[in-house]
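Taking it in order: structure first as structure tokens, then the write-up.
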Amino acid sequence: MMRRFLEASVSILSWLCTLCLLLSLFTLVGFLFFKGGSSLQLSLIFGNTAPLDAILLKRQVFEGIFPAMVGTLFLIVGAMCIATPIGIAGGIYMAEYCSSKIQPVLNLAFDILAGIPSIVVGLAGLLLTILLHRYFRENIIPCLFISSCSLAFLVVPYLIRSTQTALESTAPLVRQTAPALGASQIQNIFLVLLPNSLPDILSGIILACGRCAEDTAVIMLTGVVATAGIPSSAWGQYEALPFYIYYISSQYTGPDELARGYGAAIILLLLCTTMLVCSLWVQRKITTILLYR
Amino acid sequence: MKKIFFSLLPSITMVCYFLTFVSGAFASDDLAPFSGQKGTLRIAGGTAHIPVMKEAARQIINYNPDIQISIAGGGSGLGIKQVGEGLIDIGNAGRQATAEEIHKFDLNVLKWAVDGVGVIVHPENTIQALTSEQLQYIFSGKFTNWKDVGGPDQRINVYTRDEASGTRKVFWKKALAQGDISLKASVVVSNGAMKTAIAVDPFGIGYVSVGHIDASVAPVALDGVTPTLQTVQSGEYTVARGLYSLTKGEPGGLAKLFLDFIVSPTGQQIVADKGFIPVK
Amino acid sequence: MICRVSSTVEYIFLAAAVFVSLLTAAVFLFLLFFGLPLLQSGQLTELLFSSWSPGKGVYGLYPMLVTSTLLAVLSMLISFPISLGTSFLITSLAPLKIRQILMGAVRVMTGIPTVVYSFAALFLLVPIMRNIFGHGTGMSILTASPVLALVTAPTMILFFVSSLNKVPASYTLAADALGGSQVQKLLYVMVPQAWPGILNGTLLGFGRAIGDTMVSLMLAGNSPAYPDSITDPARTLTAHIALTMAYDFDSMEFKSIFVCGLSLYLITAILMLLFRLMTSHVSKNL
């Protein structure tokens with residue numbers, strides 16, 4: 001009797017829990033769209049500057065989130081340029097070359113790196129900047145480059161992990177065919193294993209992009225500012241969407257600014273969820289595309 | 001939608017060029033030194049300064065899009081420190097830099113506005129005047145209920161600024177007579193954030209640059225004097241301070257042009273428009 | 001020729017892996033290097049066990065340490081049952097169609113930026129909390145914890161689901177053959193088999209909760225006092241770093257954040273070590 005009751009209650013509670021989760025998710029997201037939906041216009045992005053002028057960098061946007069969007073884009077590109085080669089190379093090493101003796105050590109190191117709170121990574125970036133500024137070159141300041149490095153740092157363990165898992169999960173049949181035909185290990189990796197696990201690696205990369213786009217704590221310590229315009233070089237300060245949202249949330253001066261904050265939040269939300277859906281889609285679809293080519 | 005947009009594009013561009021032309025035509029000579037200039041200017045520090053800095057930057061950038069100006073907050077402490085370290089070009093401070101700071105970093109100080117620090121509450125709060133003693137009791141945590149000062153039976157929510165804040169330093173020194181600020185107080189990171197917090201909290205109390213006080217919050221008279229531009233200017237309201245901009249050594253290049261612009265008639269008009277008292 | 005190329009390439013791969021693992025150590029050494037003067041002067045216990053009061057020259061981190069732990073524990077208390085329930089539904093209790101939809105929703109949830117959650121909660125949840133308490137600012141540990149739970153839940157759900165799904169088919173099929181219902185199979189076969197994975201997922205979730213900055217920075221009120229109750233505003237270690245980094249680089253306030261960083265690093269590293277130990281222990285036993 002007791003057990004029957006337990007079983008029934010587990011089932012009901014599970015449904016209740018899920019309902020609770022989805023309800024709170026929809027309440028928050030719905031609230032965001034309800035309040036900010038009306039601000040989703042071209043003027044949200046470009047303010048009162050003509051879009052074409054802004055995109056061609058003829059004039060700077062002041063009352064829009066265009067600089068923040070460009071800043072976030074730069075951050076993603078910069079961080080991924082640094083992180084992707086290192087991450088994939090590291091992942092290949094872990095999956096194909098690593099001896100079983102050092103693998104646990106490296107694994108632990110990557111896990112710890114993946115677990116370090118992003119604000120600590122940002123702090124390390126800030127300290128590095130201060131050191132470089134004091135002892136190396138005067139003109140090194142917190143900037144886009146430092147932020148990209150720190151973000152790369154944050155996502156590299158994910159990339160290693162996803163590449164490693166992708167390679168390790170290759171079917172033995174696929175893995176062993178080329179060597180059996182006389183291919184070297186390097187040929188096997190580049191011509192067989194990597195193309196074969198491309199969808200998983202790519203989806204890992206897109207996920208990492210999403211992480212770069214959303215992280216606030218790292219960039220907060222390494223060079224993002226409230227107003228900067230489009231950065232002219234990697235050594236300049238910049239704006240970014242997540243920081244813009246944080247900044248507006250505490251210091252909006254009127255309903256206009258608050259509306260822009262809601263708009264920015266919706267855009268960041270859409271950006272990140274789109275990337276996530278893309279990564280899931282890539283994982284499923286590219287396999288079929290490659291197979292049927 | 002796209003089609004409409006593209007067909008409208010030429011006219012939008014035209015309007016913009018027209019606007020550029022018009023604003024260029026009306027721009028005073030104060031902006032002229034910026035023509036032909038190029039480069040980046042980094043400004044950080046005091047948060048009371050931000051509205052003025054932003055407006056000045058907007059005018060300058062509209063006049064000459066080749067100039068980049070980045071503006072960050074962080075507080076007066078940060079502004080002084082970072083300009084001293086050479087991390088930024090202009091550091092803003094809402095308090096006087098100490099002799100030690102000036103000496104250590106070889107700082108050059110420019111005062112371009114006078115401001116006060118006023119106590120604010122929610123507009124619906126019935127309390128509109130406090131004595132210094134009451135204020136000290138509230139901020140030190142000795143009074144925790146509005147009825148202690150004649151208000152409704154509600155807990156007082158005290159808001160304060162972070163330790164890097166010049167506004168906090170001035171308020172602590174001149175309004176609280178260096179008395180304690182309760183650790184229980186909620187901490188916000190800028191003048192803008194303080195105003196926002198008080199505007200949505202019916203039982204909150206905080207302090208903010210007088211230039212930031214608007215209809216969303218209500219100023220509280222301190223010992224009978226309401227903090228307004230006039231009372232600060234006349235010297236009646238004593239919790240006053242200057243707004244400073246600092247550079248490392250003599251300002252040069254864009255920093256000099258920018259500071260010259262702030263103290264020019266156009267710049268000082270911006271200062272007045274944003275609710276501060278111009279120095280000229 | 002090919003041999004030389006391949007060994008060069010192998011060294012490049014090795015270099016990448018070693019570089020990243022060295023970075024892990026480098027972050028730690030970096031924090032240690034900057035924090036060393038404080039640690040050497042024997043102020044460590046004072047830093048860890050006294051209150052934060054810069055005006056009096058006391059830079060203790062005890063209130064932040066307590067708040068961080070309290071907030072993480074509280075959010076785990078909310079997110080653990082929710083994640084467990086949802087993962088039950090996804091693995092077995094719900095109809096197939098709903099399982100797929102739920103799984104998709106949870107995966108997408110992992111991508112929602114923390115700052116967006118916090119932004120929405122700041123304008124929705126904080127006023128509600130203020131009305132409920134009837135006093136205070138509405139920003140408190142209690143306000144931040146459900147939002148933090150929402151942030152950590154998707155990761156935990158995905159982890160729970162994968163460890164429940166890893167239960168060998170021979171077990172689950174046996175349960176089916178004995179005529180057990182879905183709930184019975186779940187409760188008496190899958191959960192006992194998958195509990196180490198569930199524990200591991202909880203460890204991961206806890207690590208994320210304690211390391212999150214934006215939720216506590218935007219919703220917990222940031223007052224550096226020791227929180228007397230969970231309805232008090234309070235400041236976490238992460239928020240403390242974010243708020244204090246603006247300060248003078250040579251000041252004690254600024255130096256104290258290295259100790260913050262070190263404690264956070266150590267806490268998460270220990271959690272990860274536990275996680276690794278558990279994982280290897282489980283894989284040995286299976």
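Chain labels run A, B, ... following the order of the structure tokens; each chain numbers its residues from 1, and ligands are numbered from 1 in the order shown.
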All residues 12 Å or closer to Asp106 (chain B), only C-alpha atoms, same chain fewer than 4 positions away omitted, as a PyMOL selection string: chain B and resi 80-81+83-86+97-102+246-251
Return as JSON lines the residues of chain C lying at most 9 Å from chain B, together with the closest atom-to-atom pair for each and the distance in Å to one decimal, counting only C-alpha atoms, with rows in chain order and ascending residue number.
{"residue": "C:Trp52", "atom": "CA", "partner": "B:Leu183", "partner_atom": "CA", "distance": 8.1}
{"residue": "C:Ser53", "atom": "CA", "partner": "B:Leu183", "partner_atom": "CA", "distance": 7.6}
{"residue": "C:Pro54", "atom": "CA", "partner": "B:Glu163", "partner_atom": "CA", "distance": 8.3}
{"residue": "C:Gly55", "atom": "CA", "partner": "B:Asp180", "partner_atom": "CA", "distance": 8.3}
{"residue": "C:Pro127", "atom": "CA", "partner": "B:Val200", "partner_atom": "CA", "distance": 8.4}
{"residue": "C:Arg130", "atom": "CA", "partner": "B:Asp201", "partner_atom": "CA", "distance": 8.7}
{"residue": "C:Gly134", "atom": "CA", "partner": "B:Gln154", "partner_atom": "CA", "distance": 8.3}
{"residue": "C:His135", "atom": "CA", "partner": "B:Arg155", "partner_atom": "CA", "distance": 5.8}
{"residue": "C:Gly136", "atom": "CA", "partner": "B:Asn157", "partner_atom": "CA", "distance": 5.6}
{"residue": "C:Thr137", "atom": "CA", "partner": "B:Asn157", "partner_atom": "CA", "distance": 6.3}
{"residue": "C:Gly138", "atom": "CA", "partner": "B:Asp201", "partner_atom": "CA", "distance": 8.8}
{"residue": "C:Met139", "atom": "CA", "partner": "B:Ser186", "partner_atom": "CA", "distance": 8.7}
{"residue": "C:Gly221", "atom": "CA", "partner": "B:Ser186", "partner_atom": "CA", "distance": 5.5}
{"residue": "C:Asn222", "atom": "CA", "partner": "B:Val187", "partner_atom": "CA", "distance": 5.5}
{"residue": "C:Ser223", "atom": "CA", "partner": "B:Ser186", "partner_atom": "CA", "distance": 4.6}
{"residue": "C:Pro224", "atom": "CA", "partner": "B:Leu183", "partner_atom": "CA", "distance": 5.8}
{"residue": "C:Ala225", "atom": "CA", "partner": "B:Leu183", "partner_atom": "CA", "distance": 4.8}
{"residue": "C:Tyr226", "atom": "CA", "partner": "B:Lys184", "partner_atom": "CA", "distance": 8.1}
{"residue": "C:Pro227", "atom": "CA", "partner": "B:Lys184", "partner_atom": "CA", "distance": 8.4}
{"residue": "C:Asp232", "atom": "CA", "partner": "B:Lys184", "partner_atom": "CA", "distance": 8.4}
{"residue": "C:Pro233", "atom": "CA", "partner": "B:Ser186", "partner_atom": "CA", "distance": 6.7}
{"residue": "C:Ala234", "atom": "CA", "partner": "B:Ser186", "partner_atom": "CA", "distance": 8.0}
{"residue": "C:Leu243", "atom": "CA", "partner": "B:Asp162", "partner_atom": "CA", "distance": 7.5}
{"residue": "C:Thr244", "atom": "CA", "partner": "B:Asp162", "partner_atom": "CA", "distance": 8.0}
{"residue": "C:Met245", "atom": "CA", "partner": "B:Gly74", "partner_atom": "CA", "distance": 8.9}
{"residue": "C:Ala246", "atom": "CA", "partner": "B:Gly74", "partner_atom": "CA", "distance": 5.5}
{"residue": "C:Tyr247", "atom": "CA", "partner": "B:Leu78", "partner_atom": "CA", "distance": 5.4}
{"residue": "C:Asp248", "atom": "CA", "partner": "B:Lys81", "partner_atom": "CA", "distance": 5.8}
{"residue": "C:Phe249", "atom": "CA", "partner": "B:Lys81", "partner_atom": "CA", "distance": 7.5}
{"residue": "C:Glu253", "atom": "CA", "partner": "B:Glu163", "partner_atom": "CA", "distance": 8.9}
Go ahead and save the picked residues with C-alpha atoms, as a PDB file, in the first residue's frame.
ATOM      1  CA  TRP C  52      33.659  43.090   5.569  1.00  0.00           C
ATOM      2  CA  SER C  53      34.133  46.585   6.931  1.00  0.00           C
ATOM      3  CA  PRO C  54      36.740  48.560   4.949  1.00  0.00           C
ATOM      4  CA  GLY C  55      36.069  51.681   6.999  1.00  0.00           C
ATOM      5  CA  PRO C 127       8.645  43.644  -7.227  1.00  0.00           C
ATOM      6  CA  ARG C 130       8.960  43.083  -2.281  1.00  0.00           C
ATOM      7  CA  GLY C 134       6.065  43.827   2.741  1.00  0.00           C
ATOM      8  CA  HIS C 135       9.434  45.379   3.480  1.00  0.00           C
ATOM      9  CA  GLY C 136      12.931  45.391   2.103  1.00  0.00           C
ATOM     10  CA  THR C 137      14.092  45.960  -1.411  1.00  0.00           C
ATOM     11  CA  GLY C 138      12.820  42.697  -2.833  1.00  0.00           C
ATOM     12  CA  MET C 139      16.361  41.741  -3.632  1.00  0.00           C
ATOM     13  CA  GLY C 221      21.088  42.964  -3.304  1.00  0.00           C
ATOM     14  CA  ASN C 222      24.875  43.003  -2.787  1.00  0.00           C
ATOM     15  CA  SER C 223      24.920  44.201   0.797  1.00  0.00           C
ATOM     16  CA  PRO C 224      28.178  43.041   2.375  1.00  0.00           C
ATOM     17  CA  ALA C 225      26.642  42.332   5.778  1.00  0.00           C
ATOM     18  CA  TYR C 226      26.275  38.853   7.168  1.00  0.00           C
ATOM     19  CA  PRO C 227      22.783  37.701   6.118  1.00  0.00           C
ATOM     20  CA  ASP C 232      18.081  39.674   3.590  1.00  0.00           C
ATOM     21  CA  PRO C 233      20.034  41.221   0.739  1.00  0.00           C
ATOM     22  CA  ALA C 234      23.505  39.712   0.566  1.00  0.00           C
ATOM     23  CA  LEU C 243      31.847  44.975  -7.493  1.00  0.00           C
ATOM     24  CA  THR C 244      35.319  45.414  -6.077  1.00  0.00           C
ATOM     25  CA  MET C 245      37.416  45.036  -9.203  1.00  0.00           C
ATOM     26  CA  ALA C 246      36.680  48.671  -9.900  1.00  0.00           C
ATOM     27  CA  TYR C 247      38.671  49.659  -6.880  1.00  0.00           C
ATOM     28  CA  ASP C 248      42.191  50.914  -6.610  1.00  0.00           C
ATOM     29  CA  PHE C 249      44.671  48.186  -7.657  1.00  0.00           C
ATOM     30  CA  GLU C 253      39.864  45.857  -1.079  1.00  0.00           C
TER      31      GLU C 253
END
Residues of chain C within 6 Å of chain A, only C-alpha atoms counted, as a ChimeraX atom specification: /C:6,13-14,16-17,21,24,82,85-86,111,113,116,120,211,261,265,268-269,272
Coordinates-based distance that separates CA of Phe276 (chain B) from CA of Leu243 (chain B) (Å, one decimal): 9.1 Å
Which of region 135-275 of chain A fall in helix (DSSP H, G or I), as a ChimeraX atom specification: /A:135,144-168,172-180,185-196,198-214,217-221,241-251,255-275
How close does each residue of chain B get to chain A, giving the shortest atom pair and distance in Å to one decimal for every residue with an atom at most 8 Å away, counting only C-alpha atoms, sorted by chain and residue number, as a Markdown table?
| residue | atom | partner | partner_atom | distance |
| --- | --- | --- | --- | --- |
| B:Ile12 | CA | A:Ala50 | CA | 6.4 |
| B:Thr13 | CA | A:Ala50 | CA | 6.1 |
| B:Cys16 | CA | A:Ala50 | CA | 6.6 |
| B:Lys54 | CA | A:Thr227 | CA | 7.8 |
| B:Arg58 | CA | A:Phe62 | CA | 6.9 |
| B:Ile61 | CA | A:Gln60 | CA | 7.1 |
| B:Asn62 | CA | A:Arg59 | CA | 7.2 |
| B:Pro65 | CA | A:Arg59 | CA | 5.7 |
| B:Gln68 | CA | A:Gly229 | CA | 6.7 |
| B:Ile69 | CA | A:Ala228 | CA | 5.7 |
| B:Ser70 | CA | A:Ala228 | CA | 3.8 |
| B:Ile71 | CA | A:Thr227 | CA | 5.0 |
| B:Ala72 | CA | A:Val225 | CA | 5.0 |
| B:Gly73 | CA | A:Ala226 | CA | 7.6 |
| B:Gly86 | CA | A:Glu138 | CA | 7.2 |
| B:Leu87 | CA | A:Ile141 | CA | 5.6 |
| B:Ser190 | CA | A:Gln251 | CA | 7.3 |
| B:Asn191 | CA | A:Gln251 | CA | 7.9 |
| B:Gly192 | CA | A:Gln251 | CA | 4.6 |
| B:Ala193 | CA | A:Gln251 | CA | 4.2 |
| B:Met194 | CA | A:Gln251 | CA | 7.8 |
| B:Lys195 | CA | A:Gln251 | CA | 7.9 |
| B:Thr196 | CA | A:Gln251 | CA | 6.3 |
| B:Ala197 | CA | A:Ser250 | CA | 7.7 |
Which of region 56-92 of chain B fall in strand (DSSP E), as a list in words: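 So the strand (DSSP E) residues in region 56-92 of chain B would be Ile67, Gln68, Ile69, Ser70, Ile71, Ala72, Gly73, Gly74, Ile90, Gly91 and Asn92 of chain B.
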Go ahead and save the picked residues with N, CA, C and O atoms, as an mmCIF file, in the first residue's frame.
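Written file, out-v4.cif:
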data_model
loop_
_atom_site.group_PDB
_atom_site.id
_atom_site.type_symbol
_atom_site.label_atom_id
_atom_site.label_comp_id
_atom_site.auth_asym_id
_atom_site.auth_seq_id
_atom_site.Cartn_x
_atom_site.Cartn_y
_atom_site.Cartn_z
ATOM 1 N N ILE B 67 36.546 60.135 -34.758
ATOM 2 C CA ILE B 67 37.000 60.082 -33.372
ATOM 3 C C ILE B 67 36.200 59.032 -32.619
ATOM 4 O O ILE B 67 34.984 58.944 -32.762
ATOM 5 N N GLN B 68 36.892 58.216 -31.830
ATOM 6 C CA GLN B 68 36.227 57.210 -31.010
ATOM 7 C C GLN B 68 36.342 57.631 -29.561
ATOM 8 O O GLN B 68 37.430 57.985 -29.114
ATOM 9 N N ILE B 69 35.209 57.602 -28.865
ATOM 10 C CA ILE B 69 35.270 57.944 -27.453
ATOM 11 C C ILE B 69 34.607 56.826 -26.664
ATOM 12 O O ILE B 69 33.465 56.475 -26.926
ATOM 13 N N SER B 70 35.332 56.219 -25.743
ATOM 14 C CA SER B 70 34.700 55.202 -24.905
ATOM 15 C C SER B 70 34.524 55.750 -23.498
ATOM 16 O O SER B 70 35.406 56.408 -22.956
ATOM 17 N N ILE B 71 33.349 55.496 -22.943
ATOM 18 C CA ILE B 71 33.007 56.040 -21.633
ATOM 19 C C ILE B 71 32.613 54.905 -20.702
ATOM 20 O O ILE B 71 31.744 54.106 -21.037
ATOM 21 N N ALA B 72 33.257 54.826 -19.562
ATOM 22 C CA ALA B 72 32.908 53.790 -18.594
ATOM 23 C C ALA B 72 32.704 54.430 -17.234
ATOM 24 O O ALA B 72 33.170 55.541 -16.977
ATOM 25 N N GLY B 73 31.992 53.730 -16.371
ATOM 26 C CA GLY B 73 31.800 54.209 -14.999
ATOM 27 C C GLY B 73 32.891 53.642 -14.119
ATOM 28 O O GLY B 73 34.049 53.617 -14.501
ATOM 29 N N GLY B 74 32.506 53.148 -12.964
ATOM 30 C CA GLY B 74 33.476 52.489 -12.106
ATOM 31 C C GLY B 74 33.696 53.228 -10.804
ATOM 32 O O GLY B 74 34.139 52.649 -9.834
ATOM 33 N N ILE B 90 41.313 60.079 -19.720
ATOM 34 C CA ILE B 90 40.731 61.042 -18.794
ATOM 35 C C ILE B 90 40.039 60.273 -17.672
ATOM 36 O O ILE B 90 39.222 59.390 -17.920
ATOM 37 N N GLY B 91 40.390 60.590 -16.445
ATOM 38 C CA GLY B 91 39.728 59.966 -15.309
ATOM 39 C C GLY B 91 38.803 60.969 -14.653
ATOM 40 O O GLY B 91 39.193 62.106 -14.411
ATOM 41 N N ASN B 92 37.575 60.570 -14.375
ATOM 42 C CA ASN B 92 36.629 61.480 -13.739
ATOM 43 C C ASN B 92 36.549 61.201 -12.251
ATOM 44 O O ASN B 92 36.624 60.052 -11.829
#
Might you pull out every residue within 10 Å of Ala234 (chain A), with only C-alpha atoms counted and same-chain residues fewer than 5 positions away left off, and present them as a short mmCIF file (atom, residue, chain, number, x, y, z; two decimals) with N, CA and C atoms, in the first residue's frame?
data_model
loop_
_atom_site.label_atom_id
_atom_site.label_comp_id
_atom_site.auth_asym_id
_atom_site.auth_seq_id
_atom_site.Cartn_x
_atom_site.Cartn_y
_atom_site.Cartn_z
N PHE A 74 32.38 40.58 -32.79
CA PHE A 74 33.85 40.59 -32.76
C PHE A 74 34.36 39.63 -31.70
N LEU A 75 33.69 39.69 -30.53
CA LEU A 75 34.11 38.82 -29.43
C LEU A 75 34.03 37.36 -29.84
N GLY A 78 36.70 36.62 -32.52
CA GLY A 78 38.04 36.64 -31.94
C GLY A 78 38.29 35.43 -31.06
N CYS A 143 41.04 45.25 -23.20
CA CYS A 143 40.55 45.55 -24.55
C CYS A 143 39.92 44.31 -25.17
N LEU A 144 39.47 44.50 -26.39
CA LEU A 144 38.80 43.43 -27.13
C LEU A 144 39.67 42.18 -27.21
N PHE A 145 40.97 42.38 -27.44
CA PHE A 145 41.86 41.24 -27.59
C PHE A 145 41.94 40.43 -26.30
N ILE A 146 42.13 41.14 -25.18
CA ILE A 146 42.22 40.45 -23.89
C ILE A 146 40.92 39.70 -23.61
N SER A 147 39.78 40.35 -23.89
CA SER A 147 38.50 39.69 -23.66
C SER A 147 38.38 38.44 -24.50
N SER A 148 38.79 38.55 -25.78
CA SER A 148 38.68 37.37 -26.65
C SER A 148 39.54 36.24 -26.13
#
Exercise: Pro37 (chain C) partners within 12 Å, only C-alpha atoms, chain neighbours under 6 positions left out, as a list in words: Leu31, Gln43, Leu44, Asp250, Met252, Lys255, Ser256, Phe258 and Val259 of chain C
Between CA of Glu257 (chain A) and CA of Asp66 (chain B) - distance in Å to one decimal: 25.8 Å
Between CA of Ala218 (chain B) and CA of Ile127 (chain B), distance in Å (one decimal):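 That distance, rounded to one decimal, is 9.5 Å.
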Nearby residues (only C-alpha atoms) at most 10 Å from Glu55 (chain B), same-chain spacing under 6 positions excluded, as a list in words: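 The filter keeps Phe62 of chain A; Ile61, Gly267, Ile270, Val271, Asp273 and Lys274 of chain B.
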